[in-house]
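Asker: For reference, the file final37.pdb (PDB, C-alpha atoms and all ligand atoms) is included below:
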```pdb
MODEL        1
ATOM      1  CA  MET A  92       1.281  -3.999 -20.072  1.00  0.00           C
ATOM      2  CA  ASP A  93      -0.330  -2.805 -16.840  1.00  0.00           C
ATOM      3  CA  LYS A  94       1.350  -0.038 -14.889  1.00  0.00           C
ATOM      4  CA  VAL A  95       3.763  -0.881 -12.070  1.00  0.00           C
ATOM      5  CA  PHE A  96       2.116  -0.316  -8.665  1.00  0.00           C
ATOM      6  CA  LEU A  97       4.173   1.728  -6.201  1.00  0.00           C
ATOM      7  CA  VAL A  98       2.506   1.931  -2.815  1.00  0.00           C
ATOM      8  CA  ALA A  99       3.873   4.111  -0.004  1.00  0.00           C
ATOM      9  CA  ASN A 100       2.885   2.924   3.469  1.00  0.00           C
ATOM     10  CA  LEU A 101       3.486   5.859   5.819  1.00  0.00           C
ATOM     11  CA  LYS A 102       2.466   3.723   8.829  1.00  0.00           C
ATOM     12  CA  SER A 103       1.956   5.684  12.065  1.00  0.00           C
ATOM     13  CA  TYR A 104       4.248   8.511  10.991  1.00  0.00           C
ATOM     14  CA  LYS A 105       3.802  12.195  10.154  1.00  0.00           C
ATOM     15  CA  THR A 106       2.035  15.123  11.658  1.00  0.00           C
ATOM     16  CA  GLN A 107       0.340  17.625   9.376  1.00  0.00           C
ATOM     17  CA  LYS A 108       3.458  19.833   9.409  1.00  0.00           C
ATOM     18  CA  GLU A 109       5.662  16.864   8.486  1.00  0.00           C
ATOM     19  CA  ALA A 110       3.234  15.832   5.744  1.00  0.00           C
ATOM     20  CA  SER A 111       3.301  19.368   4.415  1.00  0.00           C
ATOM     21  CA  ASP A 112       7.125  19.271   4.236  1.00  0.00           C
ATOM     22  CA  TRP A 113       6.937  15.899   2.449  1.00  0.00           C
ATOM     23  CA  LEU A 114       4.486  17.272  -0.106  1.00  0.00           C
ATOM     24  CA  GLU A 115       6.602  20.381  -0.665  1.00  0.00           C
ATOM     25  CA  VAL A 116       9.385  18.107  -1.936  1.00  0.00           C
ATOM     26  CA  PHE A 117       7.190  15.516  -3.641  1.00  0.00           C
ATOM     27  CA  ARG A 118       5.401  18.036  -5.830  1.00  0.00           C
ATOM     28  CA  ASN A 119       8.644  18.546  -7.784  1.00  0.00           C
ATOM     29  CA  ILE A 120       8.298  15.054  -9.250  1.00  0.00           C
ATOM     30  CA  ASP A 121       8.237  14.768 -13.044  1.00  0.00           C
ATOM     31  CA  VAL A 122       4.495  14.424 -13.662  1.00  0.00           C
ATOM     32  CA  ASN A 123       5.124  12.081 -16.602  1.00  0.00           C
ATOM     33  CA  LEU A 124       6.345   9.471 -14.127  1.00  0.00           C
ATOM     34  CA  LEU A 125       2.939   9.555 -12.483  1.00  0.00           C
ATOM     35  CA  GLU A 126       1.304   8.727 -15.796  1.00  0.00           C
ATOM     36  CA  GLN A 127       3.648   5.810 -16.444  1.00  0.00           C
ATOM     37  CA  LYS A 128       3.347   4.248 -12.976  1.00  0.00           C
ATOM     38  CA  LEU A 129       0.462   3.796 -10.571  1.00  0.00           C
ATOM     39  CA  VAL A 130       1.498   5.608  -7.401  1.00  0.00           C
ATOM     40  CA  ILE A 131      -0.588   5.118  -4.268  1.00  0.00           C
ATOM     41  CA  VAL A 132       0.153   6.878  -0.965  1.00  0.00           C
ATOM     42  CA  CYS A 133      -1.305   5.419   2.237  1.00  0.00           C
ATOM     43  CA  PRO A 134      -1.188   8.045   5.015  1.00  0.00           C
ATOM     44  CA  PRO A 135      -2.660   7.659   8.495  1.00  0.00           C
ATOM     45  CA  PHE A 136      -6.406   8.457   8.725  1.00  0.00           C
ATOM     46  CA  THR A 137      -5.736  11.955  10.055  1.00  0.00           C
ATOM     47  CA  LEU A 138      -3.934  12.890   6.838  1.00  0.00           C
ATOM     48  CA  LEU A 139      -6.119  11.233   4.193  1.00  0.00           C
ATOM     49  CA  GLU A 140      -7.898  14.456   3.304  1.00  0.00           C
ATOM     50  CA  PHE A 141      -4.708  16.509   3.476  1.00  0.00           C
ATOM     51  CA  PHE A 142      -2.845  14.299   1.009  1.00  0.00           C
ATOM     52  CA  LYS A 143      -5.855  13.946  -1.277  1.00  0.00           C
ATOM     53  CA  SER A 144      -6.462  17.674  -1.558  1.00  0.00           C
ATOM     54  CA  ASN A 145      -2.768  18.505  -1.924  1.00  0.00           C
ATOM     55  CA  PHE A 146      -2.277  16.028  -4.753  1.00  0.00           C
ATOM     56  CA  ALA A 147      -5.365  17.463  -6.475  1.00  0.00           C
ATOM     57  CA  LEU A 148      -4.209  21.056  -5.942  1.00  0.00           C
ATOM     58  CA  ASN A 149      -0.859  20.275  -7.531  1.00  0.00           C
ATOM     59  CA  ASN A 150      -2.368  18.205 -10.365  1.00  0.00           C
ATOM     60  CA  LEU A 151      -0.441  15.123  -9.290  1.00  0.00           C
ATOM     61  CA  ASN A 152      -1.897  11.814 -10.420  1.00  0.00           C
ATOM     62  CA  VAL A 153      -1.425   9.984  -7.129  1.00  0.00           C
ATOM     63  CA  LYS A 154      -4.046   7.689  -5.640  1.00  0.00           C
ATOM     64  CA  ILE A 155      -4.846   7.516  -1.945  1.00  0.00           C
ATOM     65  CA  GLY A 156      -4.996   4.364   0.138  1.00  0.00           C
ATOM     66  CA  ALA A 157      -5.918   3.859   3.787  1.00  0.00           C
ATOM     67  CA  GLN A 158      -3.850   1.590   6.032  1.00  0.00           C
ATOM     68  CA  ASN A 159      -6.762   0.024   7.854  1.00  0.00           C
ATOM     69  CA  ILE A 160     -10.551  -0.248   7.863  1.00  0.00           C
ATOM     70  CA  SER A 161     -13.222  -1.216  10.354  1.00  0.00           C
ATOM     71  CA  PRO A 162     -14.588  -4.755  10.019  1.00  0.00           C
ATOM     72  CA  PHE A 163     -18.003  -3.201  10.857  1.00  0.00           C
ATOM     73  CA  GLU A 164     -20.323  -0.957   8.905  1.00  0.00           C
ATOM     74  CA  GLU A 165     -21.228   2.417  10.444  1.00  0.00           C
ATOM     75  CA  GLY A 166     -22.578   2.107  13.955  1.00  0.00           C
ATOM     76  CA  PRO A 167     -21.722   2.256  17.648  1.00  0.00           C
ATOM     77  CA  TYR A 168     -18.077   1.208  17.271  1.00  0.00           C
ATOM     78  CA  THR A 169     -16.102   3.869  19.105  1.00  0.00           C
ATOM     79  CA  GLY A 170     -12.754   4.575  17.545  1.00  0.00           C
ATOM     80  CA  GLU A 171     -13.414   2.735  14.294  1.00  0.00           C
ATOM     81  CA  VAL A 172     -13.300   4.282  10.822  1.00  0.00           C
ATOM     82  CA  ASN A 173     -15.660   2.530   8.426  1.00  0.00           C
ATOM     83  CA  ALA A 174     -15.463   1.743   4.717  1.00  0.00           C
ATOM     84  CA  LYS A 175     -17.988   4.392   3.651  1.00  0.00           C
ATOM     85  CA  GLN A 176     -16.004   7.069   5.506  1.00  0.00           C
ATOM     86  CA  ILE A 177     -12.708   5.943   3.982  1.00  0.00           C
ATOM     87  CA  LYS A 178     -14.163   5.786   0.480  1.00  0.00           C
ATOM     88  CA  GLU A 179     -14.713   9.568   0.620  1.00  0.00           C
ATOM     89  CA  PHE A 180     -10.932   9.983   0.470  1.00  0.00           C
ATOM     90  CA  ALA A 181      -9.335   6.774  -0.769  1.00  0.00           C
ATOM     91  CA  ASP A 182      -9.498   4.256  -3.603  1.00  0.00           C
ATOM     92  CA  TYR A 183      -7.425   1.547  -1.919  1.00  0.00           C
ATOM     93  CA  VAL A 184      -7.023   0.040   1.528  1.00  0.00           C
ATOM     94  CA  LEU A 185      -4.258  -2.124   2.984  1.00  0.00           C
ATOM     95  CA  ILE A 186      -5.607  -5.191   4.753  1.00  0.00           C
ATOM     96  CA  GLY A 187      -3.676  -7.806   6.701  1.00  0.00           C
ATOM     97  CA  HIS A 188      -0.334  -6.092   7.286  1.00  0.00           C
ATOM     98  CA  SER A 189       1.736  -8.287   9.595  1.00  0.00           C
ATOM     99  CA  GLU A 190       1.971  -5.365  12.050  1.00  0.00           C
ATOM    100  CA  ARG A 191      -1.815  -5.472  12.360  1.00  0.00           C
ATOM    101  CA  ARG A 192      -1.993  -9.254  12.490  1.00  0.00           C
ATOM    102  CA  SER A 193       0.547  -9.374  15.333  1.00  0.00           C
ATOM    103  CA  ASN A 194      -0.022  -6.128  17.314  1.00  0.00           C
ATOM    104  CA  PHE A 195      -3.800  -5.982  16.980  1.00  0.00           C
ATOM    105  CA  SER A 196      -4.648  -9.701  16.874  1.00  0.00           C
ATOM    106  CA  GLU A 197      -6.299  -9.486  13.483  1.00  0.00           C
ATOM    107  CA  THR A 198      -7.425 -12.986  12.605  1.00  0.00           C
ATOM    108  CA  GLU A 199      -8.443 -14.374   9.225  1.00  0.00           C
ATOM    109  CA  VAL A 200     -12.097 -13.984  10.315  1.00  0.00           C
ATOM    110  CA  ILE A 201     -11.639 -10.276  11.045  1.00  0.00           C
ATOM    111  CA  LEU A 202      -9.638  -9.751   7.857  1.00  0.00           C
ATOM    112  CA  LYS A 203     -12.381 -11.376   5.805  1.00  0.00           C
ATOM    113  CA  GLU A 204     -14.898  -8.912   7.292  1.00  0.00           C
ATOM    114  CA  LYS A 205     -12.594  -5.996   6.453  1.00  0.00           C
ATOM    115  CA  ILE A 206     -12.206  -7.228   2.885  1.00  0.00           C
ATOM    116  CA  ASN A 207     -15.980  -7.533   2.522  1.00  0.00           C
ATOM    117  CA  ARG A 208     -16.582  -4.030   3.907  1.00  0.00           C
ATOM    118  CA  ALA A 209     -14.030  -2.594   1.455  1.00  0.00           C
ATOM    119  CA  ILE A 210     -15.468  -4.366  -1.571  1.00  0.00           C
ATOM    120  CA  GLU A 211     -19.050  -3.376  -0.664  1.00  0.00           C
ATOM    121  CA  VAL A 212     -18.199   0.314  -1.072  1.00  0.00           C
ATOM    122  CA  GLY A 213     -15.868  -0.045  -4.043  1.00  0.00           C
ATOM    123  CA  LEU A 214     -12.564   0.286  -2.217  1.00  0.00           C
ATOM    124  CA  GLU A 215      -9.841  -1.927  -3.697  1.00  0.00           C
ATOM    125  CA  PRO A 216      -8.302  -4.033  -0.922  1.00  0.00           C
ATOM    126  CA  ILE A 217      -4.578  -4.731  -1.123  1.00  0.00           C
ATOM    127  CA  LEU A 218      -4.133  -7.936   0.856  1.00  0.00           C
ATOM    128  CA  LEU A 219      -0.775  -8.337   2.552  1.00  0.00           C
ATOM    129  CA  VAL A 220       0.421 -11.911   2.829  1.00  0.00           C
ATOM    130  CA  GLN A 221       3.442 -13.151   4.705  1.00  0.00           C
ATOM    131  CA  ASN A 222       4.104 -16.202   2.546  1.00  0.00           C
ATOM    132  CA  GLU A 223       2.505 -18.237  -0.214  1.00  0.00           C
ATOM    133  CA  ASN A 224       0.287 -20.100   2.284  1.00  0.00           C
ATOM    134  CA  THR A 225      -1.512 -17.058   3.743  1.00  0.00           C
ATOM    135  CA  PRO A 226      -5.220 -17.476   2.881  1.00  0.00           C
ATOM    136  CA  ILE A 227      -6.551 -15.254   0.091  1.00  0.00           C
ATOM    137  CA  ALA A 228     -10.212 -14.314   0.407  1.00  0.00           C
ATOM    138  CA  THR A 229     -12.652 -14.123  -2.495  1.00  0.00           C
ATOM    139  CA  GLY A 230     -12.757 -10.737  -4.170  1.00  0.00           C
ATOM    140  CA  ILE A 231      -9.047  -9.972  -3.774  1.00  0.00           C
ATOM    141  CA  LYS A 232      -7.248  -8.790  -6.899  1.00  0.00           C
ATOM    142  CA  VAL A 233      -4.100  -7.185  -5.508  1.00  0.00           C
ATOM    143  CA  ILE A 234      -1.744  -8.952  -3.117  1.00  0.00           C
ATOM    144  CA  ALA A 235       1.476  -7.746  -1.522  1.00  0.00           C
ATOM    145  CA  TYR A 236       3.956 -10.388  -0.424  1.00  0.00           C
ATOM    146  CA  GLU A 237       5.778  -9.067   2.642  1.00  0.00           C
ATOM    147  CA  PRO A 238       7.855 -11.602   4.587  1.00  0.00           C
ATOM    148  CA  THR A 239       8.030 -10.480   8.224  1.00  0.00           C
ATOM    149  CA  PHE A 240      11.818 -10.827   8.400  1.00  0.00           C
ATOM    150  CA  ALA A 241      12.140  -8.198   5.668  1.00  0.00           C
ATOM    151  CA  ILE A 242       9.908  -5.509   7.156  1.00  0.00           C
ATOM    152  CA  GLY A 243      11.891  -2.543   8.429  1.00  0.00           C
ATOM    153  CA  SER A 244      14.963  -4.748   8.872  1.00  0.00           C
ATOM    154  CA  GLY A 245      17.192  -3.599   6.020  1.00  0.00           C
ATOM    155  CA  ASN A 246      17.204  -7.243   4.976  1.00  0.00           C
ATOM    156  CA  PRO A 247      14.932  -7.679   1.950  1.00  0.00           C
ATOM    157  CA  ASP A 248      14.009 -11.018   0.468  1.00  0.00           C
ATOM    158  CA  THR A 249      15.975 -11.848  -2.681  1.00  0.00           C
ATOM    159  CA  PRO A 250      14.286 -10.822  -5.938  1.00  0.00           C
ATOM    160  CA  GLU A 251      14.537 -14.460  -7.039  1.00  0.00           C
ATOM    161  CA  ASN A 252      12.696 -15.789  -3.998  1.00  0.00           C
ATOM    162  CA  ALA A 253      10.082 -12.999  -4.172  1.00  0.00           C
ATOM    163  CA  GLU A 254       9.542 -13.930  -7.824  1.00  0.00           C
ATOM    164  CA  LYS A 255       9.130 -17.586  -6.821  1.00  0.00           C
ATOM    165  CA  ILE A 256       6.483 -16.676  -4.231  1.00  0.00           C
ATOM    166  CA  ALA A 257       4.729 -14.287  -6.643  1.00  0.00           C
ATOM    167  CA  THR A 258       4.626 -17.051  -9.227  1.00  0.00           C
ATOM    168  CA  SER A 259       3.106 -19.542  -6.808  1.00  0.00           C
ATOM    169  CA  ILE A 260       0.500 -16.976  -5.658  1.00  0.00           C
ATOM    170  CA  LYS A 261      -0.441 -16.342  -9.277  1.00  0.00           C
ATOM    171  CA  GLN A 262      -1.018 -20.048  -9.790  1.00  0.00           C
ATOM    172  CA  LYS A 263      -3.956 -19.721  -7.367  1.00  0.00           C
ATOM    173  CA  GLY A 264      -5.788 -16.986  -9.244  1.00  0.00           C
ATOM    174  CA  ASP A 265      -5.725 -13.886 -11.380  1.00  0.00           C
ATOM    175  CA  TYR A 266      -3.841 -11.597  -9.007  1.00  0.00           C
ATOM    176  CA  ARG A 267      -1.490  -8.654  -9.276  1.00  0.00           C
ATOM    177  CA  VAL A 268       1.369  -9.372  -6.877  1.00  0.00           C
ATOM    178  CA  LEU A 269       3.573  -6.738  -5.244  1.00  0.00           C
ATOM    179  CA  TYR A 270       6.662  -7.205  -3.093  1.00  0.00           C
ATOM    180  CA  GLY A 271       7.332  -5.280   0.122  1.00  0.00           C
ATOM    181  CA  GLY A 272      10.078  -5.301   2.764  1.00  0.00           C
ATOM    182  CA  SER A 273      13.225  -3.121   3.042  1.00  0.00           C
ATOM    183  CA  LEU A 274      12.914  -1.652  -0.423  1.00  0.00           C
ATOM    184  CA  THR A 275      15.036   1.349  -1.398  1.00  0.00           C
ATOM    185  CA  SER A 276      15.804   3.265  -4.570  1.00  0.00           C
ATOM    186  CA  ALA A 277      18.922   1.077  -4.875  1.00  0.00           C
ATOM    187  CA  ASN A 278      17.208  -2.328  -4.780  1.00  0.00           C
ATOM    188  CA  ILE A 279      13.728  -1.631  -6.211  1.00  0.00           C
ATOM    189  CA  LYS A 280      14.535  -2.465  -9.836  1.00  0.00           C
ATOM    190  CA  GLY A 281      15.738  -5.951  -8.941  1.00  0.00           C
ATOM    191  CA  PHE A 282      12.191  -6.688  -7.777  1.00  0.00           C
ATOM    192  CA  THR A 283      10.070  -4.785 -10.293  1.00  0.00           C
ATOM    193  CA  SER A 284      12.057  -6.282 -13.176  1.00  0.00           C
ATOM    194  CA  GLN A 285      10.881  -9.791 -12.217  1.00  0.00           C
ATOM    195  CA  SER A 286       8.217 -10.973 -14.608  1.00  0.00           C
ATOM    196  CA  ASN A 287       5.623 -11.943 -11.978  1.00  0.00           C
ATOM    197  CA  ILE A 288       6.143  -8.955  -9.657  1.00  0.00           C
ATOM    198  CA  ASP A 289       3.756  -6.158 -10.577  1.00  0.00           C
ATOM    199  CA  GLY A 290       4.924  -3.532  -8.144  1.00  0.00           C
ATOM    200  CA  ALA A 291       6.099  -2.718  -4.663  1.00  0.00           C
ATOM    201  CA  LEU A 292       4.998  -1.648  -1.218  1.00  0.00           C
ATOM    202  CA  ILE A 293       7.419   0.728   0.433  1.00  0.00           C
ATOM    203  CA  GLY A 294       7.479   1.587   4.130  1.00  0.00           C
ATOM    204  CA  GLY A 295      10.490   3.322   5.677  1.00  0.00           C
ATOM    205  CA  ALA A 296      11.967   4.532   2.395  1.00  0.00           C
ATOM    206  CA  SER A 297       8.766   6.376   1.490  1.00  0.00           C
ATOM    207  CA  LEU A 298       8.977   8.633   4.538  1.00  0.00           C
ATOM    208  CA  GLU A 299      11.502  10.846   2.729  1.00  0.00           C
ATOM    209  CA  ALA A 300       9.849  12.301  -0.377  1.00  0.00           C
ATOM    210  CA  GLU A 301      13.160  12.582  -2.227  1.00  0.00           C
ATOM    211  CA  GLU A 302      13.888   8.871  -1.769  1.00  0.00           C
ATOM    212  CA  PHE A 303      10.327   7.956  -2.737  1.00  0.00           C
ATOM    213  CA  ILE A 304      10.686   9.959  -5.965  1.00  0.00           C
ATOM    214  CA  LYS A 305      13.911   8.055  -6.707  1.00  0.00           C
ATOM    215  CA  ILE A 306      12.084   4.772  -6.079  1.00  0.00           C
ATOM    216  CA  ILE A 307       9.386   5.792  -8.560  1.00  0.00           C
ATOM    217  CA  GLU A 308      12.065   6.780 -11.082  1.00  0.00           C
ATOM    218  CA  ASN A 309      14.024   3.551 -10.685  1.00  0.00           C
ATOM    219  CA  ALA A 310      11.136   1.073 -10.478  1.00  0.00           C
TER     220      ALA A 310
HETATM  221  P1  LIG B   1       9.654  -1.344   5.042  1.00  0.00           P
HETATM  222  O1  LIG B   1       8.117  -1.634   5.353  1.00  0.00           O
HETATM  223  O2  LIG B   1       9.732  -0.863   3.604  1.00  0.00           O
HETATM  224  O3  LIG B   1      10.035  -0.269   6.019  1.00  0.00           O
HETATM  225  O4  LIG B   1      10.405  -2.603   5.236  1.00  0.00           O
HETATM  226  C1  LIG B   1       7.289  -2.235   4.412  1.00  0.00           C
HETATM  227  C2  LIG B   1       5.935  -2.422   5.029  1.00  0.00           C
HETATM  228  O5  LIG B   1       5.847  -2.794   6.197  1.00  0.00           O
HETATM  229  O6  LIG B   1       4.896  -2.192   4.366  1.00  0.00           O
ENDMDL
END
```
Give the structure from the file, written as structure tokens.

Answerer:
Amino acid sequence: MDKVFLVANLKSYKTQKEASDWLEVFRNIDVNLLEQKLVIVCPPFTLLEFFKSNFALNNLNVKIGAQNISPFEEGPYTGEVNAKQIKEFADYVLIGHSERRSNFSETEVILKEKINRAIEVGLEPILLVQNENTPIATGIKVIAYEPTFAIGSGNPDTPENAEKIATSIKQKGDYRVLYGGSLTSANIKGFTSQSNIDGALIGGASLEAEEFIKIIENA
């Protein structure tokens, strides 16, 4: 069986000092857990290198993901970070988070460009969908189902409904499907034990390293 995906989305949180404190705790994790499960941490751009080098220094098998990517290749696009630049630090990239769709007006057209840029350089896009009807572009292999009502609300979807959505997404293609939205160490197993849920995307609860370790243990 494939490994369970556990993806930490640190969103727009953490300074370098705060990241250093997080890593100080996280490096006490039982390294065997990191062989059994596929752990991916998605820090803000400013901390990609910091997390990558710290995981390497401590021999921790943790992959890096970015939270966003430019829809453009390199060029005169002030403020953008392009796929080639991200690929120097990361293996994965989140695309289509509902916070980006709503706060930054990311349309399906823009998201398709982002997905293409990621795939061109060998970054694995993790497409976030809000329900089973969100379009899934060609080339996507990993999808995270995150209903907007569940994000940061303390009100997760039920494992049964998430399983239903994961099942219907899998009827459309050969996808790995994750669930995200108000996950904690107490509720994670209910989701990862569903047969069509291949892992989880964790926001708020990943900000404390101790809780994230417990999530990895319990998943
Ligand atoms: P949450 O966020 O775990 O804080 O609900 C999940 C996400 O937005 O990726």

Asker: If you count all atoms listed in the file, which residues fall within 9 Å of A:Phe96, apart from same-chain ones fewer than 4 positions away, as a VMD selection string?

Answerer: chain A and resid 128 to 131 269 289 to 292

Asker: Go through the shown structure with the PyMOL selection byres (((chain A and resi 153) around 7) and not hetatm) and write out the matching residues as number ranges by chain.

Answerer: A: 125, 130-131, 146, 151-152, 154-155

Asker: What is the atom CA of A:Asp265-atom CA of A:Ala209 distance in Å, reported with one decimal?

Answerer: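 So the two atoms, atom CA of A:Asp265 and atom CA of A:Ala209, lie 19.0 Å apart.
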
Asker: Using all atoms listed in the file, which residues of the polymer chains come no farther than 9 Å from ligand LIG 1 (chain B)? I'd like the answer as JSON, numbers by chain.

Answerer: {"A": [98, 99, 100, 101, 102, 188, 189, 190, 219, 235, 237, 239, 240, 241, 242, 243, 244, 245, 246, 247, 271, 272, 273, 274, 275, 292, 293, 294, 295, 296, 297]}

Asker: I'd like the neighbourhood of A:Lys203 as an NGL selection string, where a residue qualifies if any of its atoms comes within 12 Å (using only C-alpha atoms), though same-chain residues fewer than 6 positions away should be ignored.

Answerer: :A and (160-163 or 186-187 or 197 or 209-210 or 216 or 218 or 226-231)
